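K.L.:
I'd like to ask some things about the structure below.
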Amino acid sequence: MPPPDDTQNPTSQANGQSSSASVSTPQAQPAPSGNGQAPTTPSSQAATAPAADRPEWLPEDFWDSQAKTVRGKELREQFDQLRAFKAAEDVKAATRPQNVDQYQLQLPPDFKAPEGIEFKFNEADPLIAQAKAWAHSAGLSQEQFAQAMGLYAGAQIGTAQQIKAAREAEIAKLGPTAQSRVDSVITWFKAMVGDEATRNLTSMMVSADIVNALEKVITRFGNQGASSYNATGRDVQPRSISDEEWGRMSYHQKAEYQRQYAAGQRR
């Protein structure tokens, strides 16, 4: 057999030895990344992906940090509560007075004035108009406004009671006949100027000094002279009485004398 032709064997070596005819094809290697490390494959990325973080819009109360999930049940309960609250507020907005004049001066059902005291609103009080304007600007309901009016009424009653107690203490300084003296003063002024002009006279006599001053006015006026009366009630003749005569008269006699004098003046 002739020797093999070296020109037909690409694997022949320069030293005359031949290599194996089977040659393995080299596999392509991944190029290194910029940091010198081999790039990660998709499978390795899925294995090392970080857990989900809480969304910025979600409060911490509704986030399960261990499971990295939303607490759906708690979130739904909170949502339902907010929806119910909004519905209730919409109902209130639809039923509250739409302007100042629609607010009614009413007291709350549980309001109870002290025994013997009856409270009535004074609509001429400027504070009432201010209260209505405040209620409307604050968006109060009629019920809430009535509660506020209950506080107002309580304050008014308290002030009236304080004035009444102070007046009674002052009038008591007039002595055992204090009330009869006050009544006599009122009777005299009614005889002089009529009931309408003296309807607030009682509330004016809040101290013993005021009552004493009014009694002096009555005494001074009586000392100026009066008319005597016959059985028919007509004037007979004017006459004056002395200070001595006036001093001997009881208080009721003085009041009666002044009443008769005033009645004669009005005829």
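Residues are named by chain letter and number: chains run A, B, ... in the order of the structure tokens, numbers start at 1 in each chain, and ligands are numbered from 1 in the order shown.
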Find the residues near range 75-88 of chain A: any atom within 12 Å, counting only C-alpha atoms, skip ones fewer than 2 places away on the same chain, and give them as a PyMOL selection string.

P.N.:
chain A and resi 58-64+69-73+90-95

K.L.:
Could you list, as a list in words, every residue within 8 Å of Ala113 in chain A, counting only C-alpha atoms and ignoring same-chain residues fewer than 4 positions away?

P.N.:
Ile117, Glu118, Phe119, Gly154 and Ile157 of chain A

K.L.:
When distances are computed from only C-alpha atoms, which of A:Tyr103, A:Trp188, A:Trp57, A:Phe221 shows the smallest separation from Ala255 in chain A?

P.N.:
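With only C-alpha atoms as the atom set, the closest residue is A:Trp188.
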
K.L.:
Between CA of Val206 in chain A and CA of Val185 in chain A, measure the distance and give it in Å to one decimal.

P.N.:
13.3 Å

K.L.:
Just the residues within 12 Å of Gln130 in chain A, please, counting only C-alpha atoms, with nothing from its chain fewer than 6 positions along; format it as a PyMOL selection string.

P.N.:
chain A and resi 100-101+103+123-124+136-137+149

K.L.:
Range 168-181 of chain A: which residues within 12 Å, counting only C-alpha atoms, same-chain residues fewer than 2 positions away excluded, as a compact mmCIF listing (two decimals) with N, CA and C atoms, in the first residue's frame?

P.N.:
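Saved to result-v3.txt:
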```
# COMPACT_ATOMS: atom_id res chain seq x y z
N GLN A 161 -81.78 85.67 86.92
CA GLN A 161 -81.84 85.18 88.30
C GLN A 161 -80.86 85.94 89.21
N GLN A 162 -79.70 86.24 88.68
CA GLN A 162 -78.73 87.02 89.46
C GLN A 162 -79.27 88.41 89.77
N ILE A 163 -79.90 89.04 88.78
CA ILE A 163 -80.46 90.37 88.99
C ILE A 163 -81.60 90.30 90.01
N LYS A 164 -82.43 89.26 89.88
CA LYS A 164 -83.55 89.12 90.80
C LYS A 164 -83.06 88.92 92.24
N ALA A 165 -82.05 88.08 92.41
CA ALA A 165 -81.52 87.83 93.75
C ALA A 165 -80.89 89.10 94.33
N ALA A 166 -80.17 89.85 93.48
CA ALA A 166 -79.56 91.09 93.96
C ALA A 166 -80.63 92.12 94.32
N ASP A 183 -94.88 98.70 96.58
CA ASP A 183 -96.21 98.72 95.99
C ASP A 183 -96.82 100.12 96.03
N SER A 184 -96.59 100.86 97.13
CA SER A 184 -97.13 102.21 97.25
C SER A 184 -96.51 103.15 96.23
N VAL A 185 -95.23 103.00 96.01
CA VAL A 185 -94.56 103.84 95.01
C VAL A 185 -95.14 103.56 93.63
N ILE A 186 -95.31 102.29 93.31
CA ILE A 186 -95.87 101.92 92.01
C ILE A 186 -97.29 102.45 91.86
N THR A 187 -98.09 102.33 92.91
CA THR A 187 -99.47 102.82 92.88
C THR A 187 -99.51 104.32 92.62
N TRP A 188 -98.63 105.06 93.27
CA TRP A 188 -98.62 106.52 93.09
C TRP A 188 -98.28 106.90 91.66
N THR A 202 -91.28 98.46 88.05
CA THR A 202 -90.83 97.46 89.02
C THR A 202 -89.40 97.01 88.74
N SER A 203 -89.09 96.79 87.47
CA SER A 203 -87.74 96.34 87.13
C SER A 203 -86.69 97.42 87.36
N MET A 204 -87.14 98.68 87.44
CA MET A 204 -86.19 99.77 87.70
C MET A 204 -85.80 99.85 89.17
N MET A 205 -86.68 99.39 90.06
CA MET A 205 -86.39 99.51 91.49
C MET A 205 -85.56 98.31 91.95
N VAL A 206 -84.28 98.39 91.64
CA VAL A 206 -83.38 97.27 91.94
C VAL A 206 -82.54 97.50 93.18
N SER A 207 -82.72 98.63 93.85
CA SER A 207 -81.95 98.88 95.06
C SER A 207 -82.78 99.70 96.04
N ALA A 208 -82.39 99.63 97.30
CA ALA A 208 -83.07 100.40 98.34
C ALA A 208 -82.91 101.90 98.09
N ASP A 209 -81.77 102.31 97.56
CA ASP A 209 -81.53 103.74 97.30
C ASP A 209 -82.53 104.27 96.27
N ILE A 210 -82.83 103.46 95.23
CA ILE A 210 -83.78 103.91 94.21
C ILE A 210 -85.16 104.08 94.81
N VAL A 211 -85.58 103.13 95.64
CA VAL A 211 -86.89 103.24 96.28
C VAL A 211 -86.95 104.46 97.18
N ASN A 212 -85.91 104.69 97.97
CA ASN A 212 -85.87 105.87 98.84
C ASN A 212 -85.95 107.16 98.03
N LEU A 214 -87.33 107.58 95.05
CA LEU A 214 -88.68 107.75 94.52
C LEU A 214 -89.64 108.21 95.62
N GLU A 215 -89.48 107.71 96.83
CA GLU A 215 -90.32 108.14 97.94
C GLU A 215 -90.11 109.62 98.24
N ILE A 218 -92.03 111.59 95.70
CA ILE A 218 -93.45 111.59 96.05
C ILE A 218 -93.72 112.56 97.19
N SER A 250 -99.04 107.96 108.18
CA SER A 250 -98.37 106.69 107.90
C SER A 250 -98.03 106.63 106.40
N TYR A 251 -97.23 105.64 106.06
CA TYR A 251 -96.84 105.56 104.66
C TYR A 251 -98.04 105.28 103.77
N HIS A 252 -98.93 104.45 104.21
CA HIS A 252 -100.13 104.13 103.41
C HIS A 252 -101.04 105.36 103.30
N GLN A 253 -101.11 106.18 104.37
CA GLN A 253 -101.90 107.41 104.30
C GLN A 253 -101.29 108.38 103.30
N LYS A 254 -99.98 108.44 103.30
CA LYS A 254 -99.29 109.30 102.33
C LYS A 254 -99.59 108.82 100.91
N ALA A 255 -99.51 107.49 100.71
CA ALA A 255 -99.75 106.96 99.37
C ALA A 255 -101.18 107.25 98.93
```

K.L.:
Can you pull out the residues contacting Asn122 in chain A? Cut-off 10 Å, using only C-alpha atoms, and skip same-chain residues under 5 positions away; I want them as an MDAnalysis selection string.

P.N.:
chainID A and resid 105 127:128

K.L.:
Using only C-alpha atoms, can you tell me which of A:Glu256, A:Arg220, A:Leu140, A:Ala153 comes closest to Ala191 in chain A?

P.N.:
A:Glu256
